[in-house]
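To keep things clear, I will list the structure first and then write my remarks on it.
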Amino acid sequence: MRAAVIQFGGSNCDRDVVHVIEEVCGADADLVWYKDGLNRAYDAIVLPGGFSYGDYLRAGAIAARTPIMADIIRAAEKGCLVLGICNGAQIAAESGLIPGVFTINAYPKFLCKPAYLRVENTTSPFTRLYSEGEVVRFPIAHKEGRYIIPAEELKRLEKEKRIAFRFCDEAGNVTASSNPNGATGNITGVLSEKENVLVMMPHPERAAEEILGSADGKKIFDSMIAYVEES
């Protein structure tokens, strides 16, 4: 698998993602400056975390309107894997790659702490190495991470099994108290209609090695690699 990791002004998790893809998982990754566009085909594209354009206007809104996003949307339409993490999830949502929006946390402050997630989907290219109902532990670091979606769209997501992760407690219970940002239905990972786009608030690259306190996030990148190798 060769992945493009997109750098915007304000990205700060780009090199972490490259490290995980290359040094931890053994695949290939290119850092791609957003002004350069996509000049070759890639198996996967990662929109990393950070504060693109300083989160001015609203998180992800300006980056979503840069020319490279047209390249990424076209790649996604052709089946390329696209993973949006934190600010990358906000950019992807602003670009219409998934339904719904990310807005300010219910308690409007920056959250930076570990969170438990329950795996809801195991059929996507990103989650195929997890078990349904598995509880994983990823860090979160966001102020505008509250996923909001209208009731009718939520029903569609649930019917099509496009919810990848929900916030939960350590035992896997999805409750209001285990929802750190007030997201609709505790949702924190959403798949596109074809399941080749995943956006998520938690940071799998920060949970890809045991030295970091959890290696649960490595399975996302390993799942992507396995999918590409089998395709």
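Note on naming: chains are A, B, ... as they come in the structure tokens, residues start from 1 per chain, ligands start from 1 in the order shown.
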
Requested in this report: From a DSSP pass on the backbone, collect the residues of range 9-126 of chain A flagged as helix (DSSP H, G or I) and hand them back as a PyMOL selection string.
Outcome: chain A and resi 14-24+34-36+52-55+63-65+67-77+87-94

Print the selection's residues with N, CA and C atoms to a file, as a CSV table (one decimal), in the first residue's frame.
```
chain,number,residue,atom,x,y,z
A,14,ASP,N,0.7,14.9,10.8
A,14,ASP,CA,1.1,14.3,9.6
A,14,ASP,C,2.3,13.3,9.7
A,15,ARG,N,3.3,13.7,10.3
A,15,ARG,CA,4.5,12.9,10.4
A,15,ARG,C,4.3,11.7,11.4
A,16,ASP,N,3.4,11.9,12.3
A,16,ASP,CA,3.0,10.7,13.2
A,16,ASP,C,2.4,9.7,12.4
A,17,VAL,N,1.5,10.0,11.4
A,17,VAL,CA,0.8,9.1,10.6
A,17,VAL,C,1.8,8.4,9.7
A,18,VAL,N,2.7,9.2,9.1
A,18,VAL,CA,3.8,8.6,8.2
A,18,VAL,C,4.6,7.6,9.0
A,19,HIS,N,5.0,7.9,10.2
A,19,HIS,CA,5.7,7.0,11.1
A,19,HIS,C,5.0,5.7,11.3
A,20,VAL,N,3.7,5.8,11.6
A,20,VAL,CA,2.9,4.5,11.8
A,20,VAL,C,2.8,3.7,10.5
A,21,ILE,N,2.5,4.3,9.4
A,21,ILE,CA,2.3,3.6,8.2
A,21,ILE,C,3.6,2.9,7.8
A,22,GLU,N,4.8,3.7,7.9
A,22,GLU,CA,6.0,3.1,7.4
A,22,GLU,C,6.8,2.3,8.4
A,23,GLU,N,7.0,2.9,9.6
A,23,GLU,CA,7.9,2.3,10.5
A,23,GLU,C,7.2,1.2,11.4
A,24,VAL,N,5.9,1.4,11.6
A,24,VAL,CA,5.2,0.4,12.5
A,24,VAL,C,4.5,-0.6,11.6
A,34,TYR,N,-0.4,20.4,0.4
A,34,TYR,CA,-1.8,20.6,-0.2
A,34,TYR,C,-1.7,21.4,-1.5
A,35,LYS,N,-0.8,22.3,-1.7
A,35,LYS,CA,-0.7,23.1,-2.9
A,35,LYS,C,-0.2,22.3,-4.1
A,36,ASP,N,0.5,21.2,-3.8
A,36,ASP,CA,1.0,20.4,-4.9
A,36,ASP,C,0.0,19.5,-5.6
A,52,SER,N,-5.8,23.0,10.6
A,52,SER,CA,-5.6,23.6,9.3
A,52,SER,C,-6.2,25.0,9.3
A,53,TYR,N,-5.4,26.0,8.8
A,53,TYR,CA,-5.8,27.4,8.7
A,53,TYR,C,-6.2,27.9,10.1
A,54,GLY,N,-5.6,27.4,11.1
A,54,GLY,CA,-5.9,27.8,12.5
A,54,GLY,C,-7.3,27.6,13.0
A,55,ASP,N,-8.0,26.8,12.3
A,55,ASP,CA,-9.5,26.6,12.6
A,55,ASP,C,-10.3,27.8,12.5
A,63,ALA,N,-9.9,24.5,4.6
A,63,ALA,CA,-9.1,23.4,4.0
A,63,ALA,C,-10.0,22.6,3.0
A,64,ALA,N,-11.3,22.5,3.4
A,64,ALA,CA,-12.2,21.7,2.5
A,64,ALA,C,-12.4,22.4,1.2
A,65,ARG,N,-12.1,23.6,1.1
A,65,ARG,CA,-12.3,24.4,-0.2
A,65,ARG,C,-11.0,24.6,-0.9
A,67,PRO,N,-8.0,23.4,-3.6
A,67,PRO,CA,-8.1,22.5,-4.8
A,67,PRO,C,-7.8,21.0,-4.6
A,68,ILE,N,-6.9,20.7,-3.7
A,68,ILE,CA,-6.5,19.3,-3.5
A,68,ILE,C,-7.7,18.5,-3.1
A,69,MET,N,-8.7,19.1,-2.4
A,69,MET,CA,-9.9,18.3,-2.0
A,69,MET,C,-10.7,17.8,-3.2
A,70,ALA,N,-10.7,18.6,-4.3
A,70,ALA,CA,-11.3,18.1,-5.5
A,70,ALA,C,-10.6,16.8,-6.0
A,71,ASP,N,-9.3,16.8,-5.9
A,71,ASP,CA,-8.5,15.6,-6.3
A,71,ASP,C,-8.9,14.4,-5.4
A,72,ILE,N,-9.0,14.7,-4.1
A,72,ILE,CA,-9.3,13.6,-3.1
A,72,ILE,C,-10.7,13.1,-3.3
A,73,ILE,N,-11.7,14.0,-3.6
A,73,ILE,CA,-13.1,13.5,-3.8
A,73,ILE,C,-13.1,12.7,-5.0
A,74,ARG,N,-12.4,13.0,-6.1
A,74,ARG,CA,-12.4,12.2,-7.3
A,74,ARG,C,-11.8,10.9,-7.0
A,75,ALA,N,-10.7,10.8,-6.2
A,75,ALA,CA,-10.0,9.6,-5.9
A,75,ALA,C,-11.0,8.7,-5.1
A,76,ALA,N,-11.7,9.3,-4.2
A,76,ALA,CA,-12.6,8.5,-3.3
A,76,ALA,C,-13.7,8.0,-4.2
A,77,GLU,N,-14.2,8.7,-5.2
A,77,GLU,CA,-15.3,8.2,-6.1
A,77,GLU,C,-14.8,7.0,-6.9
A,87,ASN,N,-9.0,16.7,12.8
A,87,ASN,CA,-9.2,17.8,11.9
A,87,ASN,C,-9.4,17.3,10.5
A,88,GLY,N,-8.8,16.2,10.1
A,88,GLY,CA,-9.0,15.5,8.8
A,88,GLY,C,-10.5,15.1,8.7
A,89,ALA,N,-11.1,14.6,9.8
A,89,ALA,CA,-12.5,14.3,9.8
A,89,ALA,C,-13.4,15.5,9.5
A,90,GLN,N,-13.0,16.6,10.2
A,90,GLN,CA,-13.7,17.8,10.0
A,90,GLN,C,-13.6,18.3,8.5
A,91,ILE,N,-12.4,18.2,7.9
A,91,ILE,CA,-12.3,18.6,6.5
A,91,ILE,C,-13.1,17.7,5.6
A,92,ALA,N,-13.1,16.4,5.9
A,92,ALA,CA,-13.8,15.4,5.1
A,92,ALA,C,-15.3,15.7,5.2
A,93,ALA,N,-15.8,16.0,6.4
A,93,ALA,CA,-17.2,16.3,6.5
A,93,ALA,C,-17.6,17.5,5.8
A,94,GLU,N,-16.8,18.6,5.9
A,94,GLU,CA,-17.0,19.8,5.2
A,94,GLU,C,-17.0,19.7,3.7
```

Query - Tyr107 in chain A environment, 12 Å, only C-alpha atoms, sequence neighbours closer than 2 positions dropped, as a ChimeraX atom specification - result: /A:103-105,109-111,142-146,179-183

Atoms kept (C-alpha atoms) for selection, written as a PDB file, in the first residue's frame:
```pdb
ATOM      1  CA  THR A 103     -19.288  21.147  15.810  1.00  0.00           C
ATOM      2  CA  ILE A 104     -18.248  22.500  19.200  1.00  0.00           C
ATOM      3  CA  ASN A 105     -18.322  20.016  22.062  1.00  0.00           C
ATOM      4  CA  LYS A 109     -13.678  23.207  25.885  1.00  0.00           C
ATOM      5  CA  PHE A 110     -10.756  21.367  24.337  1.00  0.00           C
ATOM      6  CA  LEU A 111     -10.700  17.693  25.327  1.00  0.00           C
ATOM      7  CA  HIS A 142     -10.533  18.228  19.977  1.00  0.00           C
ATOM      8  CA  LYS A 143     -12.800  21.150  20.734  1.00  0.00           C
ATOM      9  CA  GLU A 144     -15.060  20.760  17.679  1.00  0.00           C
ATOM     10  CA  GLY A 145     -15.502  17.004  17.718  1.00  0.00           C
ATOM     11  CA  ARG A 146     -19.212  16.699  18.422  1.00  0.00           C
ATOM     12  CA  ASN A 179     -19.976  10.394  25.588  1.00  0.00           C
ATOM     13  CA  PRO A 180     -17.257  13.030  26.132  1.00  0.00           C
ATOM     14  CA  ASN A 181     -18.393  15.594  23.551  1.00  0.00           C
ATOM     15  CA  GLY A 182     -22.163  15.113  23.238  1.00  0.00           C
ATOM     16  CA  ALA A 183     -22.061  13.534  19.781  1.00  0.00           C
TER      17      ALA A 183
END
```

Requested in this report: Tell me which protein, DNA and RNA residues are within 12 Å of Glu158 in chain A, counting only C-alpha atoms, leaving out same-chain ones fewer than 5 positions away, and put them as a list in words.
Outcome: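 Listing them by chain and then by number gives Glu120, Asn121, Ile149, Ala151, Glu152, Glu153, Ile163, Ala164, Phe165, Arg166, Gly185, Ile187, Val190, Leu191 and Glu193 of chain A.
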
Report task. Pick out the closest residue to Arg128 in chain A from this set: A:Ser223, A:Cys25, A:Ala106, A:Glu170. Count only C-alpha atoms. Result ->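 Residue with the minimum atom-to-atom distance to Arg128 in chain A: A:Ser223.
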
Report summary line: Among A:Pro114, A:Gly79, A:Gly49, A:Pro150, Gly9 in chain A is approached most closely, using only C-alpha atoms, by A:Gly49

I need the residues in range 36-163 of chain A that are strand (DSSP E or B) according to DSSP; give them as a PDB file with N, CA, C and O atoms, in the first residue's frame.
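To be explicit, this is the file written out as result.pdb:
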```pdb
ATOM      1  N   ALA A  44      -4.332   4.838  -0.807  1.00  0.00           N
ATOM      2  CA  ALA A  44      -5.005   5.429   0.346  1.00  0.00           C
ATOM      3  C   ALA A  44      -4.557   6.871   0.516  1.00  0.00           C
ATOM      4  O   ALA A  44      -3.429   7.235   0.153  1.00  0.00           O
ATOM      5  N   ILE A  45      -5.437   7.669   1.073  1.00  0.00           N
ATOM      6  CA  ILE A  45      -5.149   9.071   1.380  1.00  0.00           C
ATOM      7  C   ILE A  45      -5.540   9.303   2.833  1.00  0.00           C
ATOM      8  O   ILE A  45      -6.625   8.886   3.261  1.00  0.00           O
ATOM      9  N   VAL A  46      -4.657   9.951   3.579  1.00  0.00           N
ATOM     10  CA  VAL A  46      -4.957  10.264   4.977  1.00  0.00           C
ATOM     11  C   VAL A  46      -4.980  11.775   5.151  1.00  0.00           C
ATOM     12  O   VAL A  46      -4.039  12.480   4.767  1.00  0.00           O
ATOM     13  N   LEU A  47      -6.071  12.261   5.697  1.00  0.00           N
ATOM     14  CA  LEU A  47      -6.183  13.650   6.124  1.00  0.00           C
ATOM     15  C   LEU A  47      -5.914  13.663   7.617  1.00  0.00           C
ATOM     16  O   LEU A  47      -6.749  13.216   8.411  1.00  0.00           O
ATOM     17  N   GLY A  50      -4.766  18.152  13.316  1.00  0.00           N
ATOM     18  CA  GLY A  50      -4.062  19.419  13.440  1.00  0.00           C
ATOM     19  C   GLY A  50      -5.037  20.570  13.524  1.00  0.00           C
ATOM     20  O   GLY A  50      -6.166  20.413  14.015  1.00  0.00           O
ATOM     21  N   LEU A  81      -9.075   4.563  -0.773  1.00  0.00           N
ATOM     22  CA  LEU A  81      -9.374   4.676   0.650  1.00  0.00           C
ATOM     23  C   LEU A  81      -9.024   6.075   1.133  1.00  0.00           C
ATOM     24  O   LEU A  81      -7.963   6.609   0.796  1.00  0.00           O
ATOM     25  N   VAL A  82      -9.903   6.674   1.912  1.00  0.00           N
ATOM     26  CA  VAL A  82      -9.656   7.989   2.503  1.00  0.00           C
ATOM     27  C   VAL A  82      -9.946   7.899   3.993  1.00  0.00           C
ATOM     28  O   VAL A  82     -11.056   7.532   4.396  1.00  0.00           O
ATOM     29  N   LEU A  83      -8.946   8.227   4.799  1.00  0.00           N
ATOM     30  CA  LEU A  83      -9.077   8.222   6.253  1.00  0.00           C
ATOM     31  C   LEU A  83      -8.905   9.637   6.763  1.00  0.00           C
ATOM     32  O   LEU A  83      -7.858  10.259   6.547  1.00  0.00           O
ATOM     33  N   GLY A  84      -9.928  10.182   7.408  1.00  0.00           N
ATOM     34  CA  GLY A  84      -9.864  11.515   8.001  1.00  0.00           C
ATOM     35  C   GLY A  84      -9.830  11.406   9.511  1.00  0.00           C
ATOM     36  O   GLY A  84     -10.737  10.825  10.115  1.00  0.00           O
ATOM     37  N   ILE A  85      -8.784  11.941  10.115  1.00  0.00           N
ATOM     38  CA  ILE A  85      -8.582  11.838  11.561  1.00  0.00           C
ATOM     39  C   ILE A  85      -8.678  13.223  12.184  1.00  0.00           C
ATOM     40  O   ILE A  85      -7.924  14.131  11.812  1.00  0.00           O
ATOM     41  N   VAL A 101     -22.052  16.788  10.387  1.00  0.00           N
ATOM     42  CA  VAL A 101     -21.033  17.814  10.631  1.00  0.00           C
ATOM     43  C   VAL A 101     -20.413  17.595  12.005  1.00  0.00           C
ATOM     44  O   VAL A 101     -20.977  16.911  12.860  1.00  0.00           O
ATOM     45  N   PHE A 102     -19.252  18.205  12.193  1.00  0.00           N
ATOM     46  CA  PHE A 102     -18.607  18.236  13.501  1.00  0.00           C
ATOM     47  C   PHE A 102     -18.674  19.664  14.022  1.00  0.00           C
ATOM     48  O   PHE A 102     -18.308  20.615  13.321  1.00  0.00           O
ATOM     49  N   THR A 103     -19.145  19.815  15.246  1.00  0.00           N
ATOM     50  CA  THR A 103     -19.288  21.147  15.810  1.00  0.00           C
ATOM     51  C   THR A 103     -18.709  21.177  17.224  1.00  0.00           C
ATOM     52  O   THR A 103     -18.127  20.199  17.694  1.00  0.00           O
ATOM     53  N   LEU A 111     -10.823  18.965  24.616  1.00  0.00           N
ATOM     54  CA  LEU A 111     -10.700  17.693  25.327  1.00  0.00           C
ATOM     55  C   LEU A 111      -9.447  16.976  24.859  1.00  0.00           C
ATOM     56  O   LEU A 111      -9.229  16.829  23.658  1.00  0.00           O
ATOM     57  N   CYS A 112      -8.642  16.530  25.774  1.00  0.00           N
ATOM     58  CA  CYS A 112      -7.431  15.779  25.434  1.00  0.00           C
ATOM     59  C   CYS A 112      -7.249  14.685  26.476  1.00  0.00           C
ATOM     60  O   CYS A 112      -6.767  14.944  27.584  1.00  0.00           O
ATOM     61  N   LYS A 113      -7.693  13.469  26.125  1.00  0.00           N
ATOM     62  CA  LYS A 113      -7.659  12.376  27.075  1.00  0.00           C
ATOM     63  C   LYS A 113      -7.925  11.056  26.347  1.00  0.00           C
ATOM     64  O   LYS A 113      -8.393  11.053  25.206  1.00  0.00           O
ATOM     65  N   PRO A 114      -7.645   9.932  26.989  1.00  0.00           N
ATOM     66  CA  PRO A 114      -8.004   8.644  26.372  1.00  0.00           C
ATOM     67  C   PRO A 114      -9.514   8.462  26.373  1.00  0.00           C
ATOM     68  O   PRO A 114     -10.216   8.986  27.242  1.00  0.00           O
ATOM     69  N   ALA A 115     -10.014   7.724  25.393  1.00  0.00           N
ATOM     70  CA  ALA A 115     -11.443   7.434  25.319  1.00  0.00           C
ATOM     71  C   ALA A 115     -11.630   5.991  24.876  1.00  0.00           C
ATOM     72  O   ALA A 115     -10.833   5.452  24.103  1.00  0.00           O
ATOM     73  N   TYR A 116     -12.697   5.382  25.380  1.00  0.00           N
ATOM     74  CA  TYR A 116     -13.045   4.024  24.954  1.00  0.00           C
ATOM     75  C   TYR A 116     -14.044   4.101  23.810  1.00  0.00           C
ATOM     76  O   TYR A 116     -14.959   4.938  23.812  1.00  0.00           O
ATOM     77  N   LEU A 117     -13.837   3.233  22.822  1.00  0.00           N
ATOM     78  CA  LEU A 117     -14.725   3.155  21.671  1.00  0.00           C
ATOM     79  C   LEU A 117     -15.198   1.730  21.497  1.00  0.00           C
ATOM     80  O   LEU A 117     -14.440   0.780  21.741  1.00  0.00           O
ATOM     81  N   ARG A 118     -16.426   1.565  21.040  1.00  0.00           N
ATOM     82  CA  ARG A 118     -16.938   0.241  20.697  1.00  0.00           C
ATOM     83  C   ARG A 118     -16.975   0.107  19.179  1.00  0.00           C
ATOM     84  O   ARG A 118     -17.479   0.984  18.487  1.00  0.00           O
ATOM     85  N   VAL A 119     -16.423  -0.981  18.676  1.00  0.00           N
ATOM     86  CA  VAL A 119     -16.397  -1.231  17.236  1.00  0.00           C
ATOM     87  C   VAL A 119     -17.786  -1.684  16.794  1.00  0.00           C
ATOM     88  O   VAL A 119     -18.307  -2.686  17.287  1.00  0.00           O
ATOM     89  N   VAL A 135     -13.954  -3.456  22.331  1.00  0.00           N
ATOM     90  CA  VAL A 135     -13.718  -2.159  22.969  1.00  0.00           C
ATOM     91  C   VAL A 135     -12.245  -1.796  22.805  1.00  0.00           C
ATOM     92  O   VAL A 135     -11.360  -2.590  23.148  1.00  0.00           O
ATOM     93  N   VAL A 136     -12.000  -0.619  22.257  1.00  0.00           N
ATOM     94  CA  VAL A 136     -10.632  -0.159  22.025  1.00  0.00           C
ATOM     95  C   VAL A 136     -10.431   1.171  22.730  1.00  0.00           C
ATOM     96  O   VAL A 136     -11.392   1.844  23.110  1.00  0.00           O
ATOM     97  N   ARG A 137      -9.178   1.544  22.854  1.00  0.00           N
ATOM     98  CA  ARG A 137      -8.838   2.762  23.604  1.00  0.00           C
ATOM     99  C   ARG A 137      -7.946   3.648  22.734  1.00  0.00           C
ATOM    100  O   ARG A 137      -6.838   3.267  22.391  1.00  0.00           O
ATOM    101  N   PHE A 138      -8.475   4.815  22.346  1.00  0.00           N
ATOM    102  CA  PHE A 138      -7.747   5.791  21.536  1.00  0.00           C
ATOM    103  C   PHE A 138      -7.754   7.139  22.271  1.00  0.00           C
ATOM    104  O   PHE A 138      -8.722   7.456  22.961  1.00  0.00           O
ATOM    105  N   PRO A 139      -6.743   7.973  22.055  1.00  0.00           N
ATOM    106  CA  PRO A 139      -6.812   9.341  22.587  1.00  0.00           C
ATOM    107  C   PRO A 139      -7.732  10.218  21.743  1.00  0.00           C
ATOM    108  O   PRO A 139      -7.859  10.022  20.534  1.00  0.00           O
ATOM    109  N   ILE A 140      -8.355  11.182  22.377  1.00  0.00           N
ATOM    110  CA  ILE A 140      -9.076  12.240  21.668  1.00  0.00           C
ATOM    111  C   ILE A 140      -8.405  13.568  21.990  1.00  0.00           C
ATOM    112  O   ILE A 140      -7.813  13.739  23.060  1.00  0.00           O
ATOM    113  N   ALA A 141      -8.480  14.508  21.056  1.00  0.00           N
ATOM    114  CA  ALA A 141      -7.883  15.831  21.241  1.00  0.00           C
ATOM    115  C   ALA A 141      -8.627  16.806  20.332  1.00  0.00           C
ATOM    116  O   ALA A 141      -8.230  17.021  19.189  1.00  0.00           O
ATOM    117  N   HIS A 142      -9.715  17.366  20.823  1.00  0.00           N
ATOM    118  CA  HIS A 142     -10.533  18.228  19.977  1.00  0.00           C
ATOM    119  C   HIS A 142     -11.417  19.154  20.803  1.00  0.00           C
ATOM    120  O   HIS A 142     -11.757  18.855  21.942  1.00  0.00           O
ATOM    121  N   ARG A 146     -17.846  17.187  18.186  1.00  0.00           N
ATOM    122  CA  ARG A 146     -19.212  16.699  18.422  1.00  0.00           C
ATOM    123  C   ARG A 146     -19.898  16.419  17.083  1.00  0.00           C
ATOM    124  O   ARG A 146     -20.212  17.337  16.319  1.00  0.00           O
ATOM    125  N   TYR A 147     -20.134  15.147  16.790  1.00  0.00           N
ATOM    126  CA  TYR A 147     -20.753  14.765  15.520  1.00  0.00           C
ATOM    127  C   TYR A 147     -22.265  14.946  15.622  1.00  0.00           C
ATOM    128  O   TYR A 147     -22.907  14.424  16.528  1.00  0.00           O
ATOM    129  N   ILE A 148     -22.810  15.702  14.661  1.00  0.00           N
ATOM    130  CA  ILE A 148     -24.236  15.998  14.643  1.00  0.00           C
ATOM    131  C   ILE A 148     -24.814  15.567  13.305  1.00  0.00           C
ATOM    132  O   ILE A 148     -24.247  15.859  12.249  1.00  0.00           O
ATOM    133  N   ILE A 163     -21.918   3.236  10.841  1.00  0.00           N
ATOM    134  CA  ILE A 163     -21.299   3.758  12.063  1.00  0.00           C
ATOM    135  C   ILE A 163     -20.155   2.815  12.416  1.00  0.00           C
ATOM    136  O   ILE A 163     -20.365   1.631  12.653  1.00  0.00           O
TER     137      ILE A 163
END
```

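Across the model, the gap from CA of Cys86 in chain A to CA of Ser214 in chain A is 18.0 Å.
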
**Report entry** Distance of CA of Lys218 in chain A from CA of Val32 in chain A, expressed in Å to one decimal place
**Finding:**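 These atoms are spaced 21.9 Å apart.
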
Query raised in the report: Which one of A:Ile6, A:Val197, A:Met1, A:Leu57 sits closest to Tyr42 in chain A if you count only C-alpha atoms?
Result: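 Of A:Ile6, A:Val197, A:Met1, A:Leu57, the one nearest Tyr42 in chain A is A:Met1, counting only C-alpha atoms.
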
Query - Contacts of Tyr227 in chain A at 9 Å (only C-alpha atoms; same-chain gap of 5+ positions) as a PyMOL selection string - result: chain A and resi 124-126+128+222
